[in-house]
Amino acid sequence: MALQLGDIAPDFEADTTAGPLHFHDWLGSSWGVLFSHPKNYTPVCTTELGYTAKLKPEFDKRNVKAIGLSVDKLADHEGWSHDIEETQGTALNFPLIADPDFKVANLYGMIHPNASDRFTVRSVFVIDPNKKIRLTLTYPASTGRNFDEILRVIDSLQLTDQYKVATPVNWKQGEDVIIVPAVTGEDAKKLFPQGWKEIKPYLRVVAQPKG
């Protein structure tokens, strides 16, 4: 059965470019972004890994650890890492899992047989500090992922975990949010004393709370 939101992310041990790794221990109290790549030495993957490396300061601000996966061998990862640094201008600064026996790929359902029975699709799993899966995305091999969108979703998750709000369509950090319908009018006055704009009783817009 496919992994679903709220499931505990399966634990595993694997060899990576940063050495042997026990996934849950490595995550610790951080958020995690686990994302798979169809194959080493492919152009789209090369751009994705380079861009993710450039995002490290943004991930660090959000207490997020990134980790990639490819079904190629560890020795192949090392050579590919040099290509990534050369072509993308940033060295890999997060682990890349070697999964030649498909152990992790099968654990996370990253092989979609009708797309390819040999290579992983572009899967993304956002995992919270409780090891729960909070977001899943699946892209085809031909389409590079939007990592700005992944950051946006993490911002939303971290905000809505802390406050009784939801984020509207196309929301970005700093923009207005929505008071969740479960919050009564009386409770809303206590939680949001600055007031809000009521468009409908179920649609109450308020400035983004500040931590």
# chains A, B, ... in the order shown; residues from 1 in each chain; ligands from 1

call {"tool": "select_by_dssp", "arguments": {"residues": "range 137-190 of chain A", "states": "strand (DSSP E)", "output": "VMD selection string"}}
result
chain A and resid 137 to 139 165 to 166 177 to 179

call {"tool": "residues_around", "arguments": {"residues": "Ala9 in chain A", "least_positions_apart": "2", "cutoff": "6 Å", "atoms": "only C-alpha atoms", "output": "MDAnalysis selection string"}}
result
chainID A and resid 131:133

call {"tool": "atom_distance", "arguments": {"atom1": "CA of Trp31 in chain A", "atom2": "CA of Asp76 in chain A"}}
result
27.7 Å

call {"tool": "closest_residue", "arguments": {"among": "A:Asp15, A:Glu175, A:Asp161, A:Asp99", "to": "Lys39 in chain A", "atoms": "only C-alpha atoms"}}
result
A:Asp99

call {"tool": "atom_distance", "arguments": {"atom1": "CA of Leu92 in chain A", "atom2": "CA of Val44 in chain A"}}
result
15.4 Å
